[in-house]
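**Q** Just so it is clear, I am handing over coords_7.cif, which has mmCIF, C-alpha atoms.
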```cif
data_query
#
loop_
_atom_site.label_atom_id
_atom_site.label_comp_id
_atom_site.auth_asym_id
_atom_site.auth_seq_id
_atom_site.Cartn_x
_atom_site.Cartn_y
_atom_site.Cartn_z
CA MET A 15 37.74 140.53 6.79
CA THR A 16 38.73 141.70 10.25
CA ALA A 17 36.77 144.48 11.92
CA PHE A 18 38.45 146.90 14.30
CA ILE A 19 35.85 148.23 16.69
CA ASP A 20 36.46 151.86 17.58
CA PRO A 21 37.04 152.00 21.37
CA LEU A 22 34.68 155.00 21.54
CA SER A 23 31.75 153.12 20.04
CA ASP A 24 32.30 149.41 20.65
CA GLU A 25 30.48 147.06 23.00
CA ARG A 26 31.69 148.46 26.27
CA GLY A 27 29.65 147.96 29.35
CA ALA A 28 29.62 147.11 33.01
CA ASP A 29 30.62 143.49 33.52
CA GLY A 30 29.23 143.06 37.00
CA ALA A 31 32.71 142.69 38.45
CA GLY A 32 33.82 146.29 38.81
CA GLY A 33 34.96 147.08 35.29
CA GLY A 34 34.20 146.92 31.59
CA TYR A 35 35.27 145.29 28.37
CA THR A 36 35.99 146.14 24.78
CA VAL A 37 35.51 143.81 21.81
CA TYR A 38 37.45 143.11 18.64
CA TRP A 39 35.38 141.20 16.08
CA ALA A 40 37.34 139.17 13.52
CA SER A 41 35.56 137.34 10.71
CA ALA A 42 38.71 136.17 8.92
CA GLU A 43 39.71 132.52 8.95
CA ARG A 44 43.25 133.58 9.83
CA VAL A 45 43.60 136.17 12.63
CA THR A 46 47.03 137.81 12.86
CA LEU A 47 48.58 140.48 15.05
CA SER A 48 47.88 143.31 12.64
CA ARG A 49 48.47 146.97 13.41
CA PRO A 50 44.76 147.57 14.19
CA LEU A 51 44.65 144.60 16.58
CA GLN A 52 47.82 145.74 18.33
CA ARG A 53 46.36 149.25 18.69
CA PHE A 54 43.11 147.77 20.03
CA LEU A 55 45.04 145.99 22.79
CA MET A 56 47.03 149.08 23.69
CA ASP A 57 43.86 151.18 23.85
CA ALA A 58 42.16 148.56 26.03
CA HIS A 59 45.07 148.67 28.44
CA ALA A 60 45.10 152.47 28.53
CA ALA A 61 41.34 152.51 29.27
CA ARG A 62 41.65 149.66 31.80
CA LEU A 63 39.17 147.54 29.87
CA ARG A 64 39.21 143.78 29.45
CA PRO A 65 39.97 142.96 25.78
CA VAL A 66 37.74 140.33 24.18
CA LEU A 67 38.47 138.73 20.80
CA VAL A 68 35.48 137.29 18.91
CA THR A 69 36.04 134.96 15.95
CA THR A 70 34.23 132.26 14.02
CA ASP A 71 34.39 128.69 15.31
CA HIS A 72 36.96 127.72 12.67
CA ALA A 73 39.31 130.71 12.90
CA HIS A 74 43.04 130.07 13.13
CA VAL A 75 44.59 132.56 15.56
CA SER A 76 48.31 133.19 15.17
CA THR A 77 50.67 132.38 18.03
CA PHE A 78 51.52 136.08 18.28
CA VAL A 79 47.85 137.00 18.80
CA ALA A 80 47.55 134.34 21.50
CA ASP A 81 50.75 135.65 23.10
CA ALA A 82 49.52 139.26 23.07
CA PHE A 83 46.07 138.44 24.46
CA GLN A 84 47.56 136.28 27.20
CA ALA A 85 49.90 139.12 28.18
CA ALA A 86 46.95 141.55 28.19
CA GLY A 87 44.73 139.30 30.31
CA GLY A 88 42.33 139.02 27.39
CA TYR A 89 39.59 136.56 26.43
CA TRP A 90 38.60 134.70 23.28
CA ALA A 91 34.99 134.01 22.35
CA VAL A 92 33.54 132.16 19.37
CA SER A 93 30.39 133.24 17.58
CA PHE A 94 28.30 130.27 16.40
CA GLU A 95 24.67 130.25 15.19
CA GLY A 96 23.76 133.37 17.13
CA ALA A 97 25.38 132.25 20.38
CA MET A 98 28.75 132.87 22.04
CA PHE A 99 31.11 130.19 23.29
CA ASP A 100 34.32 130.15 25.32
CA ALA A 101 36.96 129.35 22.69
CA PHE A 102 39.13 127.36 25.10
CA ARG A 103 36.43 125.28 26.80
CA GLY A 104 33.86 125.01 24.04
CA THR A 105 31.02 125.93 26.42
CA ARG A 106 28.34 128.54 25.85
CA ILE A 107 28.48 131.93 27.59
CA SER A 108 25.41 134.10 28.13
CA SER A 109 27.52 137.27 28.21
CA PHE A 110 31.19 138.24 28.11
CA GLY A 111 30.99 138.74 31.88
CA ASP A 112 30.81 134.94 32.21
CA PHE A 113 34.56 134.89 31.49
CA TRP A 114 35.53 136.77 34.66
CA ALA A 115 32.41 136.37 36.81
CA PRO A 116 30.91 132.95 36.00
CA ARG A 117 27.65 131.98 37.68
CA ALA A 118 27.94 128.94 39.93
CA ASP A 119 24.42 127.75 39.13
CA ARG A 120 24.86 127.81 35.35
CA VAL A 121 24.74 124.42 33.58
CA PRO A 122 27.40 124.33 30.81
CA GLU A 123 26.07 123.99 27.26
CA ALA A 124 28.67 122.47 24.95
CA HIS A 125 29.49 123.49 21.40
CA PRO A 126 28.90 120.51 19.04
CA THR A 127 32.63 120.11 18.29
CA LEU A 128 34.75 122.57 20.31
CA SER A 129 34.11 120.92 23.67
CA ARG A 130 36.04 117.81 22.58
CA LEU A 131 39.81 117.48 22.90
CA ARG A 132 41.47 118.71 19.72
CA GLU A 133 43.36 116.27 17.55
CA HIS A 134 45.97 116.82 14.83
CA THR A 135 48.06 119.15 17.00
CA VAL A 136 51.85 119.42 16.76
CA PRO A 137 53.78 118.89 20.04
CA SER A 138 56.16 121.75 20.74
CA PHE A 139 58.81 122.98 23.12
CA VAL A 140 57.74 126.20 24.85
CA PHE A 141 60.29 128.41 26.60
CA ASP A 142 60.00 131.47 28.83
CA VAL A 143 63.34 133.05 29.75
CA TYR A 144 64.61 136.12 31.62
CA VAL A 145 68.20 137.15 30.88
CA ARG A 146 70.27 140.06 32.18
CA ASP A 147 72.80 141.92 30.09
CA ARG A 148 74.91 145.06 30.04
CA ALA A 149 73.38 148.29 28.79
CA ASP A 150 76.13 149.27 26.39
CA GLU A 151 76.63 149.60 22.64
CA ARG A 152 78.12 146.13 22.31
CA THR A 153 75.01 144.37 23.57
CA LEU A 154 72.82 142.80 20.89
CA ILE A 155 69.34 141.34 21.39
CA GLY A 156 68.47 138.06 19.68
CA GLY A 157 71.26 135.68 20.53
CA VAL A 158 69.30 133.95 23.28
CA ALA A 159 66.37 133.38 20.92
CA ASP A 160 68.68 131.93 18.26
CA GLN A 161 70.36 129.64 20.75
CA LEU A 162 67.12 128.27 22.15
CA VAL A 163 65.52 127.72 18.75
CA ALA A 164 68.61 125.89 17.44
CA GLY A 165 69.12 123.90 20.64
CA LEU A 166 65.53 122.66 20.64
CA GLY A 167 65.69 121.48 17.04
CA GLY A 168 64.54 124.48 15.02
CA THR A 169 66.12 125.47 11.72
CA GLY A 170 66.54 129.13 12.66
CA LEU A 171 64.69 132.45 12.66
CA GLU A 172 64.16 134.23 9.35
CA ARG A 173 61.85 137.24 9.85
CA TRP A 174 60.96 139.80 12.52
CA GLY A 175 58.62 142.72 13.17
CA VAL A 176 56.37 144.32 15.77
CA VAL A 177 53.17 143.40 13.90
CA GLU A 178 52.20 140.78 11.34
CA PRO A 179 53.10 140.11 8.64
CA LEU A 180 56.70 140.09 9.81
CA ALA A 181 58.45 142.10 7.13
CA GLY A 182 62.04 142.42 8.32
CA ARG A 183 64.85 139.98 7.70
CA TRP A 184 66.00 138.59 11.06
CA SER A 185 68.89 140.68 12.32
CA HIS A 186 70.24 141.15 15.84
CA ALA A 187 71.42 144.64 14.94
CA ALA A 188 68.03 145.71 13.55
CA VAL A 189 66.06 144.30 16.50
CA THR A 190 68.46 145.88 18.98
CA GLU A 191 68.25 149.28 17.30
CA SER A 192 64.45 149.12 17.31
CA MET A 193 64.43 148.31 21.03
CA ARG A 194 67.04 150.94 21.82
CA ARG A 195 64.73 153.63 20.44
CA GLN A 196 61.93 152.44 22.74
CA MET A 197 63.82 152.29 26.02
CA PRO A 198 63.38 152.20 28.98
CA VAL A 199 60.62 149.63 28.24
CA THR A 200 60.13 148.16 24.78
CA GLU A 201 57.18 146.81 22.88
CA ARG A 202 57.23 143.12 22.13
CA HIS A 203 59.14 142.22 18.99
CA TYR A 204 58.27 139.03 17.11
CA ALA A 205 60.30 136.61 15.02
CA SER A 206 59.58 133.40 13.14
CA GLY A 207 61.30 130.66 11.18
CA ASP A 208 60.30 128.66 8.14
CA ASP A 209 59.85 125.52 10.24
CA GLY A 210 57.16 127.04 12.50
CA ALA A 211 59.39 128.31 15.30
CA VAL A 212 58.08 131.61 16.75
CA VAL A 213 59.60 133.94 19.32
CA SER A 214 58.59 137.12 21.10
CA LEU A 215 61.17 139.39 22.72
CA ALA A 216 61.14 142.50 24.87
CA ALA A 217 63.64 144.35 27.02
CA SER A 218 63.61 146.87 29.83
CA ARG A 219 66.21 149.02 31.54
CA THR A 220 67.14 148.07 35.12
CA LYS A 221 69.35 149.75 37.71
CA THR A 222 72.27 147.58 36.65
CA GLY A 223 71.71 147.01 32.93
CA LEU A 224 69.08 145.32 30.77
CA LEU A 225 66.50 142.63 31.44
CA GLU A 226 65.57 140.67 28.31
CA HIS A 227 62.42 138.53 28.25
CA VAL A 228 62.20 135.85 25.57
CA ARG A 229 59.21 133.59 24.96
CA GLY A 230 58.94 131.10 22.16
CA THR A 231 57.67 127.87 20.66
CA VAL A 232 59.58 125.30 18.62
CA PRO A 233 57.57 122.45 17.00
CA ILE A 234 58.90 118.99 17.83
CA ARG A 235 59.33 117.27 14.48
CA ASP A 236 61.97 114.75 15.51
CA ALA A 237 60.54 111.23 15.13
CA GLU A 238 62.33 110.18 18.32
CA LEU A 239 61.11 113.07 20.47
CA SER A 240 57.57 113.60 19.23
CA PRO A 241 56.07 110.42 20.79
CA LEU A 242 57.59 111.34 24.18
CA ALA A 243 55.40 114.44 24.34
CA ASN A 244 52.35 112.27 25.02
CA VAL A 245 54.01 109.92 27.51
CA PRO A 246 52.92 110.63 31.12
CA GLY A 247 55.66 111.63 33.55
CA GLY A 248 59.13 112.88 32.76
CA ALA A 249 60.11 110.92 29.64
CA LEU A 250 60.57 114.04 27.51
CA ALA A 251 62.19 115.98 30.35
CA ALA A 252 64.79 113.23 30.68
CA HIS A 253 65.82 113.46 27.02
CA PRO A 254 69.38 114.82 26.58
CA ARG A 255 68.17 117.69 24.36
CA VAL A 256 66.47 119.33 27.32
CA LEU A 257 69.57 119.28 29.52
CA ASP A 258 71.97 120.12 26.70
CA THR A 259 69.95 123.17 25.64
CA LEU A 260 69.60 124.62 29.13
CA GLN A 261 73.22 123.88 30.04
CA ALA A 262 74.43 125.70 26.94
CA LEU A 263 72.14 128.63 27.72
CA ALA A 264 73.47 128.88 31.27
CA GLU A 265 77.05 128.84 30.02
CA ARG A 266 76.58 131.57 27.40
CA ALA A 267 74.04 133.97 28.92
CA ARG A 268 73.39 135.61 32.28
CA VAL A 269 70.11 133.81 32.90
CA ASN A 270 67.95 134.72 35.87
CA VAL A 271 65.31 132.07 35.37
CA ALA A 272 64.08 129.92 32.48
CA LEU A 273 61.16 127.55 32.21
CA LEU A 274 60.96 124.92 29.48
CA SER A 275 57.61 123.24 28.85
CA CYS A 276 55.85 121.02 26.34
CA GLY A 277 52.79 122.38 24.58
CA GLU A 278 50.92 122.11 21.31
CA VAL A 279 50.41 124.23 18.23
CA GLU A 280 48.12 123.89 15.24
CA GLU A 281 49.35 124.73 11.79
CA ARG A 282 47.40 125.98 8.81
CA ALA A 283 48.94 126.90 5.45
CA GLY A 284 52.39 127.05 6.97
CA SER A 285 51.38 129.33 9.86
CA SER A 286 51.66 128.47 13.54
CA GLY A 287 48.84 129.18 15.98
CA ARG A 288 45.78 127.62 17.47
CA LEU A 289 42.16 126.85 16.65
CA PRO A 290 39.19 127.12 19.03
CA GLY A 291 38.60 124.07 21.19
CA VAL A 292 39.88 122.14 24.16
CA ARG A 293 43.59 121.45 24.08
CA ARG A 294 45.98 119.65 26.41
CA PRO A 295 47.53 122.09 28.90
CA GLU A 296 51.23 122.85 28.73
CA GLN A 297 53.39 120.58 30.87
CA PRO A 298 56.58 121.83 32.56
CA LEU A 299 59.79 119.97 31.68
CA ALA A 300 62.66 121.78 33.36
CA VAL A 301 63.67 124.92 35.23
CA LEU A 302 66.97 126.78 34.94
CA LEU A 303 67.99 128.98 37.86
CA GLY A 304 70.89 131.25 37.04
CA ALA A 305 73.72 131.84 39.48
CA ARG A 306 72.16 135.08 40.71
CA ALA A 307 68.81 133.39 41.38
CA VAL A 308 70.53 130.53 43.21
CA ARG A 309 72.28 133.10 45.39
CA ASP A 310 69.20 135.25 46.00
CA LEU A 311 67.13 132.18 46.91
CA ALA A 312 69.89 130.83 49.19
CA VAL A 313 69.45 127.42 47.57
CA ASP A 314 70.97 124.45 49.41
CA VAL A 315 72.20 122.72 46.26
CA GLU A 316 73.14 119.42 47.91
CA ALA A 317 69.82 119.11 49.73
CA LEU A 318 67.90 119.99 46.57
CA ALA A 319 69.82 117.39 44.57
CA GLU A 320 68.76 114.67 47.01
CA ARG A 321 65.10 115.18 46.06
CA HIS A 322 65.24 116.34 42.44
CA ASP A 323 67.08 115.74 39.16
CA VAL A 324 69.60 118.60 39.52
CA THR A 325 72.58 119.43 37.30
CA THR A 326 74.97 122.23 38.27
CA VAL A 327 76.50 124.47 35.62
CA GLY A 328 79.39 126.89 35.95
CA LEU A 329 81.49 127.78 38.98
CA ARG A 330 81.28 125.55 42.02
CA ARG A 331 80.95 128.53 44.36
CA ALA A 332 78.31 130.24 42.21
CA PRO A 333 76.57 127.57 40.14
CA ALA A 334 73.51 127.75 37.96
CA LEU A 335 71.06 124.86 38.36
CA VAL A 336 69.11 122.87 35.79
CA VAL A 337 66.24 121.00 37.44
CA ARG A 338 64.60 118.45 35.16
CA LEU A 339 61.15 117.14 36.05
CA SER A 340 62.14 113.65 34.99
CA GLY A 341 60.38 111.61 37.68
CA GLY A 342 57.32 109.44 37.26
CA ASP A 343 54.86 111.78 39.02
CA PRO A 344 52.67 114.20 37.06
CA LEU A 345 54.83 117.07 35.85
CA TRP A 346 52.94 119.87 37.58
CA HIS A 347 53.19 117.92 40.84
CA GLN A 348 56.94 117.73 40.38
CA LEU A 349 57.17 121.47 39.69
CA ARG A 350 55.15 122.30 42.80
CA ALA A 351 57.32 119.97 44.87
CA PHE A 352 60.44 121.71 43.59
CA ALA A 353 59.01 125.17 44.32
CA SER A 354 57.99 124.12 47.83
CA ASP A 355 61.59 123.06 48.56
CA LEU A 356 62.75 126.63 48.02
CA ASP A 357 62.59 129.35 50.67
CA GLN A 358 59.08 130.71 50.09
CA GLU A 359 59.72 134.25 51.31
CA ARG A 360 62.85 134.57 49.19
CA LEU A 361 61.03 133.01 46.21
CA ALA A 362 58.14 135.48 46.51
CA SER A 363 60.59 138.37 46.79
CA ALA A 364 62.62 137.20 43.79
CA LEU A 365 59.55 136.68 41.62
CA ALA A 366 58.09 140.05 42.59
CA LEU A 367 61.32 141.76 41.60
CA GLU A 368 61.73 139.73 38.41
CA PHE A 369 58.20 140.01 37.11
CA ALA A 370 57.64 143.63 38.11
CA THR A 371 58.89 144.43 34.61
CA GLY A 372 56.65 141.80 33.01
CA ASP A 373 53.66 142.37 30.74
CA THR A 374 51.86 145.03 32.76
CA LYS A 375 51.47 146.95 29.51
CA VAL A 376 50.04 145.47 26.36
CA GLY A 377 52.76 144.84 23.83
CA ARG A 378 55.41 145.60 26.41
CA SER A 379 57.47 143.62 28.88
#
```
Can you dump the structure from the file as structure tokens?

**A**
Amino acid sequence: MTAFIDPLSDERGADGAGGGYTVYWASAERVTLSRPLQRFLMDAHAARLRPVLVTTDHAHVSTFVADAFQAAGGYWAVSFEGAMFDAFRGTRISSFGDFWAPRADRVPEAHPTLSRLREHTVPSFVFDVYVRDRADERTLIGGVADQLVAGLGGTGLERWGVVEPLAGRWSHAAVTESMRRQMPVTERHYASGDDGAVVSLAASRTKTGLLEHVRGTVPIRDAELSPLANVPGGALAAHPRVLDTLQALAERARVNVALLSCGEVEERAGSSGRLPGVRRPEQPLAVLLGARAVRDLAVDVEALAERHDVTTVGLRRAPALVVRLSGGDPLWHQLRAFASDLDQERLASALALEFATGDTKVGRS
């Protein structure tokens, strides 16, 4: 069973760092983004409390729960033999405050199994995309998600909803109508496919139209691509599927910025998510800067192309750029090198404007 702890009577308390926390205890082996869990996160945000999820050490947490807790700045703890452990590191915590105010003198105590790198994970493409569109009756939400899932090798989205289980048949018109009723800022909407692909979508009204935010994961099941996920450097980034997918996206949508990465998921009984334990961090593969971002950042395309794997898309005078991290250096090093070659003041300004409509509210974007 899953227990929803009433925010008026749960384990709130001073955390030693100028705030408090609220706890959701889940004893089920499969933890999904149910209506009570969604409400818990919204209430935590409204009360300005840190949300903490507590599960068993073998619980499978759905990708949508992980997405929602990440957006909410939440934490995940594991209860094991009367003690609490950090679900991501596999180390013991003396209190929930250790998450946000760890003691420097504390010697880590490892969980017997969770502190080791997890095996039997499925490599996956992970995308995070911001797209602008017109705010009129002809605009439909969902096409970007479909295009990315198909381009990255997925079989297509089948179901959608705002909580799990996803009960609606995937429909651009239905998703758009649901979001239209929630404007100017929508809750996150979720979609999934039979092959494990999962997507979350949200939209917000801007001065000039709509800003759509799409996040998602597509398992890499291709026998040719899957081994590349574990090869150091840019082997996967250099694969044609990466460039082809981002080029097609730039040609068909008004993209501001898109990041494509490689991550991992763990599947149980046909559901996508993750188990407690140490996992390899996501690795960036490529960045897509839309024409507007290229203009706002005053990018010197020729100079950038001399130092990075750059492909231009669209009009010569107003191109979009696909930058693949295909070199031999560690991928995060390549991403930092690319970011440092951009005008830092313009980059900070662009990101502040872009992400001001990000997940400052639980379940919203």

**Q** What is the CA of Asp208 in chain A to CA of Gln297 in chain A distance in Å?

**A**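 A separation of 25.1 Å between them.
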
**Q** For a cutoff of 10 Å around the file-coordinate point (68.6, 131.0, 43.2), which residues qualify once you count only C-alpha atoms? I'd like the result as a PDB file with C-alpha atoms, in the coordinates of the input.

**A**
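Result file follows (result-v4.pdb):
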```
ATOM      1  CA  ASN A 270      67.950 134.720  35.870  1.00  0.00           C
ATOM      2  CA  VAL A 271      65.310 132.070  35.370  1.00  0.00           C
ATOM      3  CA  LEU A 302      66.970 126.780  34.940  1.00  0.00           C
ATOM      4  CA  LEU A 303      67.990 128.980  37.860  1.00  0.00           C
ATOM      5  CA  GLY A 304      70.890 131.250  37.040  1.00  0.00           C
ATOM      6  CA  ALA A 305      73.720 131.840  39.480  1.00  0.00           C
ATOM      7  CA  ARG A 306      72.160 135.080  40.710  1.00  0.00           C
ATOM      8  CA  ALA A 307      68.810 133.390  41.380  1.00  0.00           C
ATOM      9  CA  VAL A 308      70.530 130.530  43.210  1.00  0.00           C
ATOM     10  CA  ARG A 309      72.280 133.100  45.390  1.00  0.00           C
ATOM     11  CA  ASP A 310      69.200 135.250  46.000  1.00  0.00           C
ATOM     12  CA  LEU A 311      67.130 132.180  46.910  1.00  0.00           C
ATOM     13  CA  ALA A 312      69.890 130.830  49.190  1.00  0.00           C
ATOM     14  CA  VAL A 313      69.450 127.420  47.570  1.00  0.00           C
ATOM     15  CA  ASP A 314      70.970 124.450  49.410  1.00  0.00           C
ATOM     16  CA  VAL A 315      72.200 122.720  46.260  1.00  0.00           C
ATOM     17  CA  ALA A 332      78.310 130.240  42.210  1.00  0.00           C
ATOM     18  CA  PRO A 333      76.570 127.570  40.140  1.00  0.00           C
ATOM     19  CA  ALA A 334      73.510 127.750  37.960  1.00  0.00           C
ATOM     20  CA  LEU A 335      71.060 124.860  38.360  1.00  0.00           C
ATOM     21  CA  LEU A 356      62.750 126.630  48.020  1.00  0.00           C
ATOM     22  CA  ASP A 357      62.590 129.350  50.670  1.00  0.00           C
ATOM     23  CA  ARG A 360      62.850 134.570  49.190  1.00  0.00           C
ATOM     24  CA  LEU A 361      61.030 133.010  46.210  1.00  0.00           C
ATOM     25  CA  ALA A 364      62.620 137.200  43.790  1.00  0.00           C
TER      26      ALA A 364
END
```

**Q** Taking all atoms listed in the file into account, name the residue in A:Val121, A:Val79, A:Leu345, A:Ala252 that is nearest to Ser286 in chain A.

**A**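 Residue with the minimum atom-to-atom distance to Ser286 in chain A: A:Val79.
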
**Q** Considering only C-alpha atoms, can you say which of A:Ala319, A:Ala249, A:Ala216, A:Ala237 comes closest to Pro298 in chain A?

**A**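 Closest residue, counting only C-alpha atoms: A:Ala249.
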
**Q** Check what the PyMOL selection byres ((chain A and resi 48-53) around 7) selects in the file above and give those residues as a PDB file with C-alpha atoms, in the coordinates of the input.

**A**
```pdb
ATOM      1  CA  PHE A  18      38.450 146.900  14.300  1.00  0.00           C
ATOM      2  CA  THR A  46      47.030 137.810  12.860  1.00  0.00           C
ATOM      3  CA  LEU A  47      48.580 140.480  15.050  1.00  0.00           C
ATOM      4  CA  PHE A  54      43.110 147.770  20.030  1.00  0.00           C
ATOM      5  CA  LEU A  55      45.040 145.990  22.790  1.00  0.00           C
ATOM      6  CA  MET A  56      47.030 149.080  23.690  1.00  0.00           C
ATOM      7  CA  ASP A  57      43.860 151.180  23.850  1.00  0.00           C
ATOM      8  CA  VAL A 177      53.170 143.400  13.900  1.00  0.00           C
ATOM      9  CA  GLU A 178      52.200 140.780  11.340  1.00  0.00           C
TER      10      GLU A 178
END
```

**Q** Because the input lacks atoms here, generate N, CA and C atoms for range 43-65 of chain A and report them as a CSV table (one decimal), in the frame of the given file.

**A**
```
chain,number,residue,atom,x,y,z
A,43,GLU,N,39.3,133.9,8.5
A,43,GLU,CA,39.7,132.5,9.0
A,43,GLU,C,41.1,132.5,9.6
A,44,ARG,N,41.9,133.5,9.3
A,44,ARG,CA,43.2,133.6,9.8
A,44,ARG,C,43.4,134.9,10.5
A,45,VAL,N,43.5,134.9,11.9
A,45,VAL,CA,43.6,136.2,12.6
A,45,VAL,C,45.1,136.4,13.0
A,46,THR,N,45.6,137.5,12.6
A,46,THR,CA,47.0,137.8,12.9
A,46,THR,C,47.1,139.1,13.7
A,47,LEU,N,48.3,139.3,14.2
A,47,LEU,CA,48.6,140.5,15.0
A,47,LEU,C,48.9,141.7,14.1
A,48,SER,N,47.8,142.2,13.5
A,48,SER,CA,47.9,143.3,12.6
A,48,SER,C,48.0,144.6,13.4
A,49,ARG,N,48.3,145.7,12.7
A,49,ARG,CA,48.5,147.0,13.4
A,49,ARG,C,47.2,147.4,14.1
A,50,PRO,N,46.0,147.2,13.5
A,50,PRO,CA,44.8,147.6,14.2
A,50,PRO,C,44.5,146.7,15.5
A,51,LEU,N,44.9,145.4,15.4
A,51,LEU,CA,44.6,144.6,16.6
A,51,LEU,C,45.6,145.0,17.7
A,52,GLN,N,46.9,145.3,17.3
A,52,GLN,CA,47.8,145.7,18.3
A,52,GLN,C,47.3,147.0,19.0
A,53,ARG,N,46.9,148.0,18.2
A,53,ARG,CA,46.4,149.2,18.7
A,53,ARG,C,45.2,149.0,19.6
A,54,PHE,N,44.3,148.1,19.2
A,54,PHE,CA,43.1,147.8,20.0
A,54,PHE,C,43.6,147.3,21.4
A,55,LEU,N,44.6,146.5,21.5
A,55,LEU,CA,45.0,146.0,22.8
A,55,LEU,C,45.7,147.1,23.6
A,56,MET,N,46.4,148.0,23.0
A,56,MET,CA,47.0,149.1,23.7
A,56,MET,C,46.0,150.0,24.2
A,57,ASP,N,44.9,150.3,23.4
A,57,ASP,CA,43.9,151.2,23.8
A,57,ASP,C,43.1,150.6,25.0
A,58,ALA,N,42.9,149.2,25.0
A,58,ALA,CA,42.2,148.6,26.0
A,58,ALA,C,42.9,148.7,27.3
A,59,HIS,N,44.2,148.5,27.2
A,59,HIS,CA,45.1,148.7,28.4
A,59,HIS,C,45.0,150.1,29.0
A,60,ALA,N,45.1,151.1,28.1
A,60,ALA,CA,45.1,152.5,28.5
A,60,ALA,C,43.8,152.8,29.2
A,61,ALA,N,42.7,152.2,28.7
A,61,ALA,CA,41.3,152.5,29.3
A,61,ALA,C,41.0,151.6,30.4
A,62,ARG,N,41.9,150.6,30.7
A,62,ARG,CA,41.6,149.7,31.8
A,62,ARG,C,40.4,148.8,31.5
A,63,LEU,N,40.3,148.4,30.3
A,63,LEU,CA,39.2,147.5,29.9
A,63,LEU,C,39.7,146.1,29.5
A,64,ARG,N,38.8,145.2,29.8
A,64,ARG,CA,39.2,143.8,29.4
A,64,ARG,C,39.1,143.6,27.9
A,65,PRO,N,40.1,143.2,27.2
A,65,PRO,CA,40.0,143.0,25.8
A,65,PRO,C,39.4,141.6,25.5
```
